[in-house]
file upload34.cif (mmCIF, C-alpha atoms)
data_entry
loop_
_atom_site.label_atom_id
_atom_site.label_comp_id
_atom_site.auth_asym_id
_atom_site.auth_seq_id
_atom_site.Cartn_x
_atom_site.Cartn_y
_atom_site.Cartn_z
CA MET E 5 -16.07 -8.68 32.33
CA THR E 6 -16.32 -8.32 28.58
CA THR E 7 -14.14 -10.46 26.33
CA LEU E 8 -13.06 -8.68 23.17
CA LEU E 9 -13.32 -10.57 19.90
CA CYS E 10 -11.14 -10.22 16.83
CA LYS E 11 -12.19 -9.35 13.35
CA PRO E 12 -13.81 -12.15 11.41
CA ASP E 13 -12.69 -12.46 7.80
CA LEU E 14 -15.83 -12.41 5.70
CA LYS E 15 -16.14 -12.31 1.93
CA LEU E 16 -18.02 -9.61 0.06
CA ILE E 17 -18.52 -8.94 -3.62
CA ASP E 18 -16.76 -5.70 -4.46
CA ALA E 19 -18.70 -3.39 -6.76
CA ASP E 20 -15.60 -2.51 -8.78
CA SER E 21 -14.27 -5.94 -9.60
CA LEU E 22 -16.82 -8.46 -8.31
CA THR E 23 -13.87 -10.23 -6.76
CA GLN E 24 -13.81 -11.58 -3.23
CA THR E 25 -12.63 -8.91 -0.82
CA THR E 26 -11.87 -9.39 2.85
CA MET E 27 -13.33 -6.81 5.22
CA THR E 28 -12.77 -6.89 8.93
CA ILE E 29 -14.20 -5.52 12.12
CA ALA E 30 -12.02 -4.80 15.11
CA ASN E 31 -12.94 -6.43 18.39
CA ASN E 32 -16.39 -7.31 17.12
CA MET E 33 -17.07 -3.59 16.71
CA ILE E 34 -18.27 -1.57 13.75
CA VAL E 35 -17.76 2.14 13.23
CA ALA E 36 -20.03 4.47 11.24
CA LEU E 37 -18.94 7.90 10.04
CA ASP E 38 -21.63 10.26 8.77
CA ILE E 39 -19.92 13.24 7.13
CA GLY E 40 -22.79 15.64 6.62
CA THR E 41 -23.09 19.22 5.52
CA SER E 42 -24.01 20.44 9.01
CA LYS E 43 -22.34 17.85 11.27
CA VAL E 44 -19.93 14.92 11.42
CA VAL E 45 -21.14 11.99 13.52
CA CYS E 46 -19.06 8.97 14.53
CA LEU E 47 -20.76 5.96 16.13
CA VAL E 48 -19.05 2.89 17.55
CA GLY E 49 -21.29 -0.16 17.81
CA GLU E 50 -20.50 -3.49 19.44
CA MET E 51 -22.23 -6.55 18.03
CA THR E 52 -23.68 -8.77 20.73
CA PRO E 53 -23.74 -12.59 20.47
CA ALA E 54 -27.41 -12.28 19.51
CA GLY E 55 -26.47 -10.11 16.52
CA ASP E 56 -27.77 -6.83 17.98
CA ILE E 57 -25.86 -3.57 17.88
CA GLU E 58 -25.06 -1.82 21.15
CA ILE E 59 -23.77 1.74 20.93
CA VAL E 60 -20.59 2.15 23.01
CA GLY E 61 -19.11 5.29 21.48
CA PHE E 62 -20.54 8.55 20.13
CA GLY E 63 -18.90 11.67 18.75
CA SER E 64 -20.43 14.67 17.00
CA GLN E 65 -18.85 17.86 15.71
CA PRO E 66 -20.03 20.74 13.49
CA SER E 67 -19.07 20.21 9.86
CA GLN E 68 -17.20 23.06 8.22
CA GLY E 69 -15.74 21.66 5.01
CA LEU E 70 -18.76 20.40 3.04
CA LYS E 71 -21.33 22.05 0.82
CA ARG E 72 -24.39 20.16 -0.37
CA GLY E 73 -22.82 16.86 0.61
CA VAL E 74 -19.54 17.40 -1.26
CA VAL E 75 -16.11 18.20 0.23
CA VAL E 76 -15.09 21.78 -0.58
CA ASN E 77 -12.37 22.23 2.07
CA ILE E 78 -10.23 19.22 2.90
CA GLU E 79 -8.48 20.76 5.92
CA SER E 80 -11.72 21.73 7.63
CA THR E 81 -13.29 18.36 6.87
CA VAL E 82 -10.27 16.49 8.25
CA SER E 83 -10.40 18.58 11.42
CA SER E 84 -14.12 17.88 11.95
CA ILE E 85 -13.67 14.15 11.33
CA GLN E 86 -10.71 13.95 13.68
CA ARG E 87 -12.53 15.62 16.55
CA ALA E 88 -15.65 13.47 16.12
CA VAL E 89 -13.58 10.27 15.95
CA GLU E 90 -11.52 11.22 19.00
CA GLU E 91 -14.70 11.93 20.94
CA ALA E 92 -16.12 8.52 20.01
CA GLU E 93 -12.82 6.80 20.86
CA LEU E 94 -12.78 8.43 24.27
CA MET E 95 -16.30 7.27 25.08
CA ALA E 96 -15.82 3.74 23.70
CA GLY E 97 -12.34 3.35 25.21
CA CYS E 98 -10.94 2.02 21.95
CA LYS E 99 -8.76 2.99 19.02
CA ILE E 100 -10.67 3.26 15.75
CA HIS E 101 -8.86 1.88 12.69
CA SER E 102 -11.51 1.80 9.93
CA VAL E 103 -14.97 3.19 9.26
CA THR E 104 -18.02 2.74 7.07
CA VAL E 105 -18.77 6.17 5.61
CA GLY E 106 -21.81 7.68 3.91
CA ILE E 107 -21.83 9.69 0.69
CA ALA E 108 -24.39 12.05 -0.83
CA GLY E 109 -24.48 14.97 -3.24
CA SER E 110 -25.96 15.89 -6.60
CA HIS E 111 -23.20 13.90 -8.34
CA ILE E 112 -25.01 10.68 -7.35
CA ASN E 113 -26.88 8.99 -10.21
CA SER E 114 -28.81 5.75 -10.44
CA LEU E 115 -30.38 3.48 -13.00
CA ASN E 116 -32.07 0.10 -13.23
CA SER E 117 -30.42 -2.60 -15.31
CA HIS E 118 -30.71 -6.31 -15.99
CA GLY E 119 -28.50 -9.15 -17.14
CA ILE E 120 -29.13 -12.62 -18.61
CA VAL E 121 -26.87 -15.69 -18.56
CA ALA E 122 -27.23 -19.39 -19.23
CA VAL E 123 -27.14 -21.63 -16.15
CA ARG E 124 -24.14 -23.91 -16.59
CA ASP E 125 -25.14 -27.06 -14.73
CA ARG E 126 -28.93 -26.61 -14.80
CA GLU E 127 -28.71 -25.54 -11.16
CA VAL E 128 -27.94 -21.99 -10.06
CA ASN E 129 -24.68 -21.72 -8.13
CA GLU E 130 -22.54 -18.86 -6.81
CA TYR E 131 -20.63 -18.59 -10.08
CA ASP E 132 -23.87 -18.14 -12.03
CA LEU E 133 -24.93 -15.36 -9.67
CA GLU E 134 -21.60 -13.58 -10.15
CA ARG E 135 -21.90 -13.87 -13.94
CA VAL E 136 -25.45 -12.52 -14.08
CA ILE E 137 -24.57 -9.58 -11.80
CA ASP E 138 -21.53 -8.92 -13.97
CA ALA E 139 -23.80 -8.92 -17.03
CA ALA E 140 -26.24 -6.52 -15.34
CA ARG E 141 -23.52 -4.03 -14.49
CA ALA E 142 -22.23 -3.90 -18.07
CA VAL E 143 -23.82 -0.54 -18.87
CA ALA E 144 -22.25 2.65 -20.18
CA ILE E 145 -21.56 5.24 -17.47
CA PRO E 146 -19.63 8.53 -17.75
CA ALA E 147 -15.86 8.28 -17.44
CA ASP E 148 -15.84 10.44 -14.29
CA GLN E 149 -18.33 8.15 -12.49
CA LYS E 150 -17.83 4.86 -10.66
CA ILE E 151 -20.31 2.22 -9.52
CA LEU E 152 -20.94 2.48 -5.77
CA HIS E 153 -23.64 -0.17 -5.37
CA ILE E 154 -25.12 -3.05 -7.32
CA LEU E 155 -28.40 -3.75 -5.54
CA PRO E 156 -30.31 -6.86 -6.71
CA GLN E 157 -34.06 -6.33 -7.02
CA GLU E 158 -35.21 -9.75 -8.17
CA TYR E 159 -34.13 -12.77 -10.20
CA LEU E 160 -35.93 -14.64 -12.98
CA ILE E 161 -35.32 -18.29 -13.84
CA ASP E 162 -36.80 -19.41 -17.17
CA ASN E 163 -39.19 -16.40 -17.07
CA GLN E 164 -40.37 -17.22 -13.53
CA GLU E 165 -40.51 -13.83 -11.80
CA GLY E 166 -40.25 -12.73 -8.18
CA ILE E 167 -37.35 -14.94 -7.11
CA ARG E 168 -35.23 -13.40 -4.35
CA GLU E 169 -32.95 -16.35 -3.51
CA PRO E 170 -32.16 -18.27 -6.73
CA LEU E 171 -29.25 -20.28 -5.32
CA GLY E 172 -29.79 -24.01 -5.81
CA MET E 173 -32.84 -23.63 -8.05
CA SER E 174 -33.07 -25.56 -11.32
CA GLY E 175 -33.25 -23.84 -14.69
CA VAL E 176 -31.45 -23.04 -17.92
CA ARG E 177 -31.65 -19.22 -18.05
CA LEU E 178 -30.99 -16.84 -15.18
CA GLU E 179 -31.90 -13.15 -15.31
CA ALA E 180 -31.18 -10.48 -12.70
CA LYS E 181 -32.78 -7.07 -12.29
CA VAL E 182 -30.54 -4.69 -10.35
CA HIS E 183 -30.37 -1.07 -9.24
CA LEU E 184 -27.03 0.56 -9.99
CA VAL E 185 -25.84 3.59 -8.03
CA THR E 186 -22.94 5.64 -9.39
CA GLY E 187 -21.02 8.58 -7.98
CA SER E 188 -18.29 10.99 -8.98
CA ILE E 189 -14.85 9.40 -8.73
CA ASN E 190 -13.36 12.67 -7.50
CA SER E 191 -16.00 13.15 -4.80
CA VAL E 192 -15.46 9.61 -3.52
CA GLN E 193 -11.69 10.06 -3.56
CA ASN E 194 -11.92 13.36 -1.65
CA ILE E 195 -13.95 11.72 1.12
CA GLU E 196 -11.53 8.79 1.28
CA LYS E 197 -8.57 11.20 1.31
CA CYS E 198 -10.01 13.11 4.28
CA ILE E 199 -10.54 9.87 6.21
CA ARG E 200 -7.07 8.52 5.45
CA ARG E 201 -5.48 11.80 6.53
CA CYS E 202 -7.05 11.08 9.91
CA GLY E 203 -5.15 7.78 10.03
CA LEU E 204 -8.22 5.66 9.24
CA GLU E 205 -9.11 3.16 6.56
CA VAL E 206 -12.40 3.04 4.64
CA ASP E 207 -14.33 -0.24 4.90
CA ALA E 208 -17.09 0.88 2.55
CA VAL E 209 -18.56 4.02 0.97
CA VAL E 210 -22.36 3.81 1.26
CA LEU E 211 -25.11 5.86 -0.34
CA GLU E 212 -26.65 7.82 2.53
CA GLN E 213 -30.31 7.19 1.71
CA LEU E 214 -29.58 3.48 1.39
CA ALA E 215 -28.06 3.58 4.87
CA SER E 216 -30.90 5.66 6.33
CA SER E 217 -33.51 3.26 4.97
CA HIS E 218 -31.95 0.45 7.02
CA ALA E 219 -32.62 2.48 10.17
CA VAL E 220 -36.07 3.97 9.58
CA LEU E 221 -38.08 1.70 7.25
CA THR E 222 -39.87 -1.50 8.20
CA ASP E 223 -39.98 -4.64 6.07
CA ASP E 224 -43.74 -4.21 5.66
CA GLU E 225 -43.27 -0.73 4.22
CA LYS E 226 -40.63 -1.96 1.77
CA ASP E 227 -42.91 -4.76 0.61
CA LEU E 228 -45.99 -2.55 0.28
CA GLY E 229 -44.11 0.30 -1.39
CA VAL E 230 -42.70 3.40 0.30
CA CYS E 231 -40.70 6.53 -0.44
CA MET E 232 -38.15 7.61 2.15
CA VAL E 233 -37.17 11.29 2.13
CA ASP E 234 -34.08 12.12 4.19
CA ILE E 235 -33.89 15.91 4.56
CA GLY E 236 -30.44 16.85 5.82
CA GLY E 237 -28.48 20.05 6.00
CA GLY E 238 -27.24 20.22 2.40
CA THR E 239 -29.17 17.62 0.40
CA THR E 240 -32.49 15.82 0.38
CA ASP E 241 -32.03 12.12 -0.37
CA ILE E 242 -34.82 9.97 -1.83
CA ALA E 243 -35.16 6.18 -1.90
CA ILE E 244 -38.18 4.32 -3.29
CA TYR E 245 -38.88 0.69 -2.36
CA THR E 246 -41.46 -1.70 -3.79
CA HIS E 247 -41.82 -5.46 -3.28
CA GLY E 248 -39.00 -5.41 -0.74
CA ALA E 249 -36.34 -4.00 -3.09
CA ILE E 250 -34.97 -0.54 -3.84
CA ARG E 251 -36.24 0.77 -7.17
CA HIS E 252 -35.18 4.39 -7.41
CA THR E 253 -32.77 6.78 -5.70
CA ALA E 254 -32.22 10.49 -6.21
CA VAL E 255 -30.61 13.51 -4.56
CA ILE E 256 -32.11 17.02 -4.49
CA PRO E 257 -29.62 19.80 -3.63
CA ILE E 258 -32.09 21.71 -1.43
CA ALA E 259 -32.36 21.12 2.32
CA GLY E 260 -31.95 22.75 5.73
CA ASP E 261 -29.17 25.17 4.80
CA GLN E 262 -31.41 26.86 2.25
CA VAL E 263 -34.11 27.33 4.91
CA THR E 264 -31.53 28.94 7.20
CA ASN E 265 -30.36 31.24 4.39
CA ASP E 266 -33.95 32.27 3.65
CA ILE E 267 -34.48 33.22 7.29
CA ALA E 268 -31.20 35.15 7.43
CA MET E 269 -32.00 37.11 4.25
CA ALA E 270 -35.68 37.79 4.97
CA LEU E 271 -35.25 38.75 8.62
CA ARG E 272 -31.84 40.42 8.18
CA THR E 273 -30.20 38.41 10.91
CA PRO E 274 -26.81 36.64 11.07
CA THR E 275 -26.75 33.05 9.78
CA VAL E 276 -25.90 31.65 13.22
CA ASN E 277 -28.94 33.33 14.73
CA ALA E 278 -31.08 32.28 11.77
CA GLU E 279 -30.16 28.66 12.46
CA GLN E 280 -31.16 29.05 16.11
CA LEU E 281 -34.47 30.67 15.15
CA LYS E 282 -35.15 27.83 12.73
CA ILE E 283 -34.54 25.16 15.36
CA LYS E 284 -36.44 26.85 18.19
CA TYR E 285 -39.36 28.67 16.60
CA ALA E 286 -39.80 27.88 12.89
CA CYS E 287 -42.88 26.10 11.57
CA ALA E 288 -43.33 24.68 8.08
CA LEU E 289 -47.07 25.44 8.00
CA ALA E 290 -48.04 29.02 8.82
CA GLN E 291 -51.64 28.13 9.73
CA LEU E 292 -50.38 26.19 12.76
CA THR E 293 -48.96 29.39 14.32
CA ARG E 294 -50.62 32.38 15.93
CA ALA E 295 -49.95 36.04 15.16
CA ASP E 296 -49.73 36.88 18.88
CA GLU E 297 -46.69 34.59 19.39
CA VAL E 298 -43.74 36.97 19.51
CA ILE E 299 -40.05 36.08 19.17
CA LYS E 300 -36.85 38.11 19.46
CA VAL E 301 -34.85 38.42 16.24
CA PRO E 302 -31.19 39.51 16.62
CA SER E 303 -30.07 42.19 14.20
CA VAL E 304 -26.85 42.56 12.24
CA GLY E 305 -24.05 44.56 13.87
CA ASP E 306 -24.81 46.66 16.94
CA ARG E 307 -28.46 47.21 16.12
CA PRO E 308 -30.93 46.15 18.83
CA ALA E 309 -32.96 42.95 18.53
CA ARG E 310 -36.45 43.23 17.07
CA ASP E 311 -39.78 41.67 17.98
CA LEU E 312 -41.40 39.55 15.28
CA SER E 313 -44.41 37.28 15.21
CA ARG E 314 -43.76 33.56 14.91
CA GLN E 315 -46.31 33.52 12.11
CA ALA E 316 -44.11 35.86 10.05
CA LEU E 317 -41.22 33.47 10.51
CA ALA E 318 -43.41 30.57 9.34
CA GLU E 319 -44.40 32.56 6.24
CA VAL E 320 -40.70 32.71 5.33
CA VAL E 321 -40.10 29.01 5.92
CA GLU E 322 -43.25 27.51 4.38
CA PRO E 323 -42.51 28.42 0.72
CA ARG E 324 -39.09 26.70 0.89
CA TYR E 325 -40.57 23.49 2.32
CA GLU E 326 -43.37 23.66 -0.24
CA GLU E 327 -40.80 23.99 -3.03
CA LEU E 328 -38.80 21.07 -1.65
CA PHE E 329 -41.81 18.76 -1.36
CA ASN E 330 -42.92 19.71 -4.89
CA LEU E 331 -39.46 18.75 -6.19
CA VAL E 332 -39.69 15.43 -4.34
CA GLN E 333 -43.14 14.82 -5.81
CA ALA E 334 -41.84 15.59 -9.32
CA GLU E 335 -38.98 13.11 -8.78
CA ILE E 336 -41.41 10.41 -7.63
CA ARG E 337 -43.54 10.96 -10.73
CA ARG E 338 -40.46 10.89 -12.96
CA SER E 339 -39.45 7.55 -11.45
CA GLY E 340 -42.75 5.97 -12.50
CA PHE E 341 -43.47 4.49 -9.06
CA GLU E 342 -45.97 7.09 -7.80
CA ASP E 343 -48.89 4.66 -7.91
CA LEU E 344 -46.92 1.84 -6.28
CA ILE E 345 -45.97 3.44 -2.95
CA ALA E 346 -49.04 2.51 -0.94
CA GLY E 347 -47.00 2.83 2.25
CA GLY E 348 -46.77 6.57 1.67
CA ILE E 349 -43.90 8.89 2.52
CA VAL E 350 -41.45 8.47 5.41
CA LEU E 351 -39.60 11.63 6.44
CA THR E 352 -36.32 11.54 8.33
CA GLY E 353 -33.23 13.70 8.77
CA GLY E 354 -32.73 16.74 10.96
CA THR E 355 -34.66 19.19 8.79
CA SER E 356 -37.75 16.93 8.78
CA LYS E 357 -38.22 17.49 12.53
CA MET E 358 -39.70 20.96 12.08
CA GLU E 359 -43.22 21.47 13.32
CA GLY E 360 -45.74 21.35 10.49
CA ALA E 361 -43.48 19.48 8.05
CA VAL E 362 -45.58 16.29 8.16
CA GLU E 363 -48.86 18.21 7.81
CA LEU E 364 -47.56 20.23 4.84
CA ALA E 365 -46.20 17.08 3.19
CA GLU E 366 -49.59 15.36 3.49
CA GLU E 367 -51.25 18.35 1.80
CA ILE E 368 -48.82 18.18 -1.12
CA PHE E 369 -48.38 14.42 -1.61
CA HIS E 370 -52.01 13.44 -0.86
CA MET E 371 -50.84 10.25 0.81
CA PRO E 372 -49.89 9.16 4.35
CA VAL E 373 -46.74 10.80 5.73
CA ARG E 374 -44.92 9.94 8.93
CA LEU E 375 -41.79 11.18 10.69
CA SER E 376 -39.49 8.26 11.43
CA ARG E 377 -36.81 7.98 14.08
CA PRO E 378 -33.96 5.47 13.72
CA HIS E 379 -34.34 2.12 15.46
CA GLY E 380 -32.62 -1.23 15.81
CA VAL E 381 -29.77 -0.32 18.18
CA ARG E 382 -29.36 -0.47 21.95
CA GLY E 383 -27.73 2.04 24.23
CA MET E 384 -28.06 5.84 24.33
CA GLU E 385 -31.65 5.58 23.06
CA GLU E 386 -32.70 8.95 24.47
CA LEU E 387 -29.98 10.69 22.46
CA LEU E 388 -29.98 8.63 19.29
CA ARG E 389 -33.74 8.21 18.79
CA ASN E 390 -33.57 11.33 16.69
CA PRO E 391 -33.98 11.71 12.89
CA ILE E 392 -30.67 13.60 12.87
CA TYR E 393 -28.83 10.32 13.43
CA ALA E 394 -30.75 8.19 10.91
CA THR E 395 -27.83 7.97 8.47
CA ALA E 396 -25.21 7.20 11.13
CA ILE E 397 -27.29 4.41 12.67
CA GLY E 398 -28.19 3.13 9.22
CA LEU E 399 -24.48 2.87 8.39
CA LEU E 400 -24.05 0.60 11.41
CA HIS E 401 -26.89 -1.61 10.15
CA TYR E 402 -25.35 -1.70 6.68
CA ALA E 403 -21.94 -2.64 8.07
CA ARG E 404 -23.45 -5.39 10.20
CA GLU E 405 -25.35 -6.89 7.27
CA SER E 406 -22.32 -6.64 4.98
CA LEU E 407 -19.81 -8.07 7.40
CA GLY E 408 -21.96 -10.55 9.31
CA SER E 409 -22.73 -10.74 12.99
CA SER E 410 -20.76 -13.80 14.10
CA ALA E 411 -17.18 -13.79 15.23
CA GLU E 412 -14.73 -16.29 16.68
CA PRO E 413 -13.07 -15.34 19.97
CA ALA E 414 -9.44 -14.32 19.60
CA PRO E 415 -7.02 -12.11 21.50
CA LEU E 416 -6.75 -8.77 19.74
CA ALA E 417 -7.06 -5.34 21.20
CA ALA E 418 -7.26 -1.77 20.25
CA ARG E 419 -8.29 -0.66 23.72
CA THR E 420 -6.77 2.06 25.83
CA PRO E 421 -4.12 1.30 28.48
CA ASP E 422 -6.62 2.06 31.24
CA GLU E 423 -8.44 -1.15 30.35
CA ILE E 424 -5.54 -3.42 31.34
CA ASP E 425 -6.96 -3.59 34.85
CA SER E 426 -10.34 -4.70 33.52
CA GLY E 427 -8.89 -7.89 32.07
CA ARG E 428 -8.88 -6.81 28.43
CA ARG E 429 -5.81 -7.67 26.40
CA LEU E 430 -3.55 -5.20 24.68
CA GLN E 431 -2.47 -5.47 21.07
CA LEU E 432 0.84 -7.39 20.77
CA PRO E 433 2.89 -4.45 19.38
CA GLU E 434 1.68 -2.26 22.24
CA MET E 435 2.47 -5.01 24.77
CA PHE E 436 6.01 -5.42 23.46
CA GLY E 437 6.45 -1.64 23.45
CA ARG E 438 5.51 -1.49 27.13
CA MET E 439 7.89 -4.36 27.97
CA LYS E 440 10.71 -2.60 26.13
CA ALA E 441 10.04 0.66 27.98
CA TRP E 442 10.02 -1.19 31.33
CA LEU E 443 13.34 -2.94 30.56
CA GLN E 444 14.95 0.34 29.50
CA GLY E 445 13.72 2.03 32.62
CA ASN E 446 14.96 -0.64 35.02
CA PHE E 447 18.18 -1.90 33.47
#
call {"tool": "encode", "arguments": {"input": "upload34.cif", "output": "structure tokens"}}
result
Amino acid sequence: MTTLLCKPDLKLIDADSLTQTTMTIANNMIVALDIGTSKVVCLVGEMTPAGDIEIVGFGSQPSQGLKRGVVVNIESTVSSIQRAVEEAELMAGCKIHSVTVGIAGSHINSLNSHGIVAVRDREVNEYDLERVIDAARAVAIPADQKILHILPQEYLIDNQEGIREPLGMSGVRLEAKVHLVTGSINSVQNIEKCIRRCGLEVDAVVLEQLASSHAVLTDDEKDLGVCMVDIGGGTTDIAIYTHGAIRHTAVIPIAGDQVTNDIAMALRTPTVNAEQLKIKYACALAQLTRADEVIKVPSVGDRPARDLSRQALAEVVEPRYEELFNLVQAEIRRSGFEDLIAGGIVLTGGTSKMEGAVELAEEIFHMPVRLSRPHGVRGMEELLRNPIYATAIGLLHYARESLGSSAEPAPLAARTPDEIDSGRRLQLPEMFGRMKAWLQGNF
């Protein structure tokens, strides 16, 4: 029998005000919502006493209302979210109240900043850390942008570099180097509006590549230096780590949808069929295919299907992947960290799964490249050990780290009525509602 736990009240520094904000997690569970261009995924994870995440609910639906990571149709987005959430609720046997959601799109910008303050009592305390972060975030950003994340890279005390945990250390001057991530206010509000129209609250809005990196990168790679490239349906998200901290983030508005469009245009086939051809037969490196491999290509309208070599399909796909990897390489060079990523390139995301993508990337980047699958969760491994779910699983990791993994037992419930027999308690309003209905029915 499983005993449900209530939400622990834990304090976080809010990026907008740097004030203490209470965030909660129902029944010791966390919920991730990945609203992508091609799909909406909802994951419900239960935190075990050991601090691990066990997946207890999963829902996935095609996404209809987004383009390149940005909401373009609220009604369609709301519908997709609602179906995915309902599917996850049904599997988990619980009612979802709030979610941690990812955000992407070309409106995302980032910059590195630093702040300096005097240490008040010659020993760094929490107030000093708040002041130095506040000083680091005091940079000019466009009026239509808001700060999404303030990510500390390192601290310096009296010019001593490389300090990651300055609390309690002695000194007179404290300096912080941080990575600031900003996003369009309107884009953030549209995502939040879609979620709230589904009757849910937003615990946090998280940069998608930041979330994905929690699920696919190792600590060794972050320390050595690595570039993660998350190739989704509408955008390609980049995150560069060195010395254990994030140094650069970027979004490229080219991804899987453009590959599908190229196939549809070049082969004169409907977009739905082009997507199926891409998933089943496409290869990102033409030299890995043979001319005698023949595939059926559906035609538009009532025209009969045509035979085409798989090599011809690869010749359509390869230039788009080559263009994408060249854009990623240009972004890495622009960041100034090209010579510091000894760990190479880590590919993830659904579009990175294509045969030949790793080999082509190695030819272009001239450094080690690997395809990474998300890790760090238990349950449904066969389904979720897939690059498609890197962002969703990463959001669970982010929520766990933000909210903590310990909880005090308390009677709260958002479970379905069917679980009464299993010894799990109902929420008090629901209990009183059932008592009222019973009294009305019998007296």
call {"tool": "residues_near_point", "arguments": {"input": "upload34.cif", "point": "(-47.9, 37.5, 10.4)", "cutoff": "7 Å", "atoms": "only C-alpha atoms", "output": "list of chain:residue names"}}
result
E:Ala295, E:Ser313, E:Gln315, E:Ala316
call {"tool": "atom_distance", "arguments": {"input": "upload34.cif", "atom1": "atom CA of E:Gly340", "atom2": "atom CA of E:Glu326"}}
result
21.5 Å
call {"tool": "atom_distance", "arguments": {"input": "upload34.cif", "atom1": "atom CA of E:Gln157", "atom2": "atom CA of E:Arg251"}}
result
7.4 Å
call {"tool": "resolve_selection", "arguments": {"input": "upload34.cif", "expression": "the PyMOL selection byres ((chain E and resi 148) around 12)", "output": "list in words"}}
result
His111, Ile112, Asn113, Ala144, Ile145, Pro146, Ala147, Gln149, Lys150, Ile151, Thr186, Gly187, Ser188, Ile189, Asn190, Ser191, Val192 and Gln193 of chain E
call {"tool": "resolve_selection", "arguments": {"input": "upload34.cif", "expression": "the PyMOL selection byres ((chain E and resi 72-79) around 6)", "output": "list in words"}}
result
Thr41, Gly69, Leu70, Lys71, Ser80, Thr81, Val82, Ala108, Gly109, Gly238 and Thr239 of chain E
call {"tool": "residues_around", "arguments": {"input": "upload34.cif", "residues": "E:Asp125", "least_positions_apart": "5", "cutoff": "10 Å", "atoms": "only C-alpha atoms", "output": "NGL selection string"}}
result
:E and (132 or 174-176)
call {"tool": "atom_distance", "arguments": {"input": "upload34.cif", "atom1": "atom CA of E:Leu331", "atom2": "atom CA of E:Val182"}}
result
25.4 Å
call {"tool": "residues_around", "arguments": {"input": "upload34.cif", "residues": "E:Leu211", "least_positions_apart": "6", "cutoff": "9 Å", "atoms": "only C-alpha atoms", "output": "list in words"}}
result
Val105, Gly106, Ile107, Ala108, Ile112, Leu152, His153 and Val185 of chain E
call {"tool": "closest_atom_pairs", "arguments": {"input": "upload34.cif", "of": "stretch 344-396 of chain E", "to": "stretch 45-52 of chain E", "cutoff": "12 Å", "atoms": "all atoms listed in the file", "output": "JSON lines"}}
result
{"residue": "E:Gly380", "atom": "CA", "partner": "E:Gly49", "partner_atom": "CA", "distance": 11.6}
{"residue": "E:Val381", "atom": "CA", "partner": "E:Gly49", "partner_atom": "CA", "distance": 8.5}
{"residue": "E:Arg382", "atom": "CA", "partner": "E:Gly49", "partner_atom": "CA", "distance": 9.1}
{"residue": "E:Gly383", "atom": "CA", "partner": "E:Gly49", "partner_atom": "CA", "distance": 9.4}
{"residue": "E:Met384", "atom": "CA", "partner": "E:Leu47", "partner_atom": "CA", "distance": 11.0}
{"residue": "E:Leu388", "atom": "CA", "partner": "E:Leu47", "partner_atom": "CA", "distance": 10.1}
{"residue": "E:Ile392", "atom": "CA", "partner": "E:Val45", "partner_atom": "CA", "distance": 9.7}
{"residue": "E:Tyr393", "atom": "CA", "partner": "E:Val45", "partner_atom": "CA", "distance": 7.9}
{"residue": "E:Ala394", "atom": "CA", "partner": "E:Val45", "partner_atom": "CA", "distance": 10.7}
{"residue": "E:Thr395", "atom": "CA", "partner": "E:Val45", "partner_atom": "CA", "distance": 9.3}
{"residue": "E:Ala396", "atom": "CA", "partner": "E:Val45", "partner_atom": "CA", "distance": 6.7}
call {"tool": "resolve_selection", "arguments": {"input": "upload34.cif", "expression": "the PyMOL selection byres ((chain E and resi 317-323) around 12)", "output": "VMD selection string"}}
result
chain E and resid 259 to 272 278 to 279 281 to 295 297 to 301 311 to 316 324 to 330 355 358 to 361 363 to 365
call {"tool": "closest_residue", "arguments": {"input": "upload34.cif", "among": "E:Glu367, E:Glu385, E:Asp207, E:Glu130", "to": "E:Ala403", "atoms": "all atoms listed in the file"}}
result
E:Asp207
call {"tool": "closest_residue", "arguments": {"input": "upload34.cif", "among": "E:Cys202, E:Gly236, E:Leu115, E:Cys98", "to": "E:Ser83", "atoms": "all atoms listed in the file"}}
result
E:Cys202
call {"tool": "closest_residue", "arguments": {"input": "upload34.cif", "among": "E:Cys231, E:Asp241, E:Pro302, E:Gly119", "to": "E:Ile336", "atoms": "all atoms listed in the file"}}
result
E:Cys231
call {"tool": "residues_near_point", "arguments": {"input": "upload34.cif", "point": "(-36.4, 8.8, 10.0)", "cutoff": "6 Å", "atoms": "only C-alpha atoms", "output": "PyMOL selection string"}}
result
chain E and resi 220+351-353+375-378+391+394
call {"tool": "closest_residue", "arguments": {"input": "upload34.cif", "among": "E:Glu225, E:Asp296, E:Glu179, E:Glu196", "to": "E:Glu134", "atoms": "all atoms listed in the file"}}
result
E:Glu179
call {"tool": "residues_around", "arguments": {"input": "upload34.cif", "residues": "E:Glu93", "least_positions_apart": "6", "cutoff": "9 Å", "atoms": "only C-alpha atoms", "output": "CSV table (one decimal) with C-alpha atoms, keeping the file's coordinate frame"}}
result
chain,number,residue,atom,x,y,z
E,48,VAL,CA,-19.0,2.9,17.6
E,61,GLY,CA,-19.1,5.3,21.5
E,62,PHE,CA,-20.5,8.6,20.1
E,63,GLY,CA,-18.9,11.7,18.8
E,99,LYS,CA,-8.8,3.0,19.0
E,100,ILE,CA,-10.7,3.3,15.8
call {"tool": "residues_around", "arguments": {"input": "upload34.cif", "residues": "E:Val373", "least_positions_apart": "4", "cutoff": "6 Å", "atoms": "all atoms listed in the file", "output": "PyMOL selection string"}}
result
chain E and resi 348-350+366
call {"tool": "residues_around", "arguments": {"input": "upload34.cif", "residues": "E:Glu405", "least_positions_apart": "6", "cutoff": "10 Å", "atoms": "all atoms listed in the file", "output": "JSON, numbers by chain"}}
result
{"E": [55, 218, 399]}
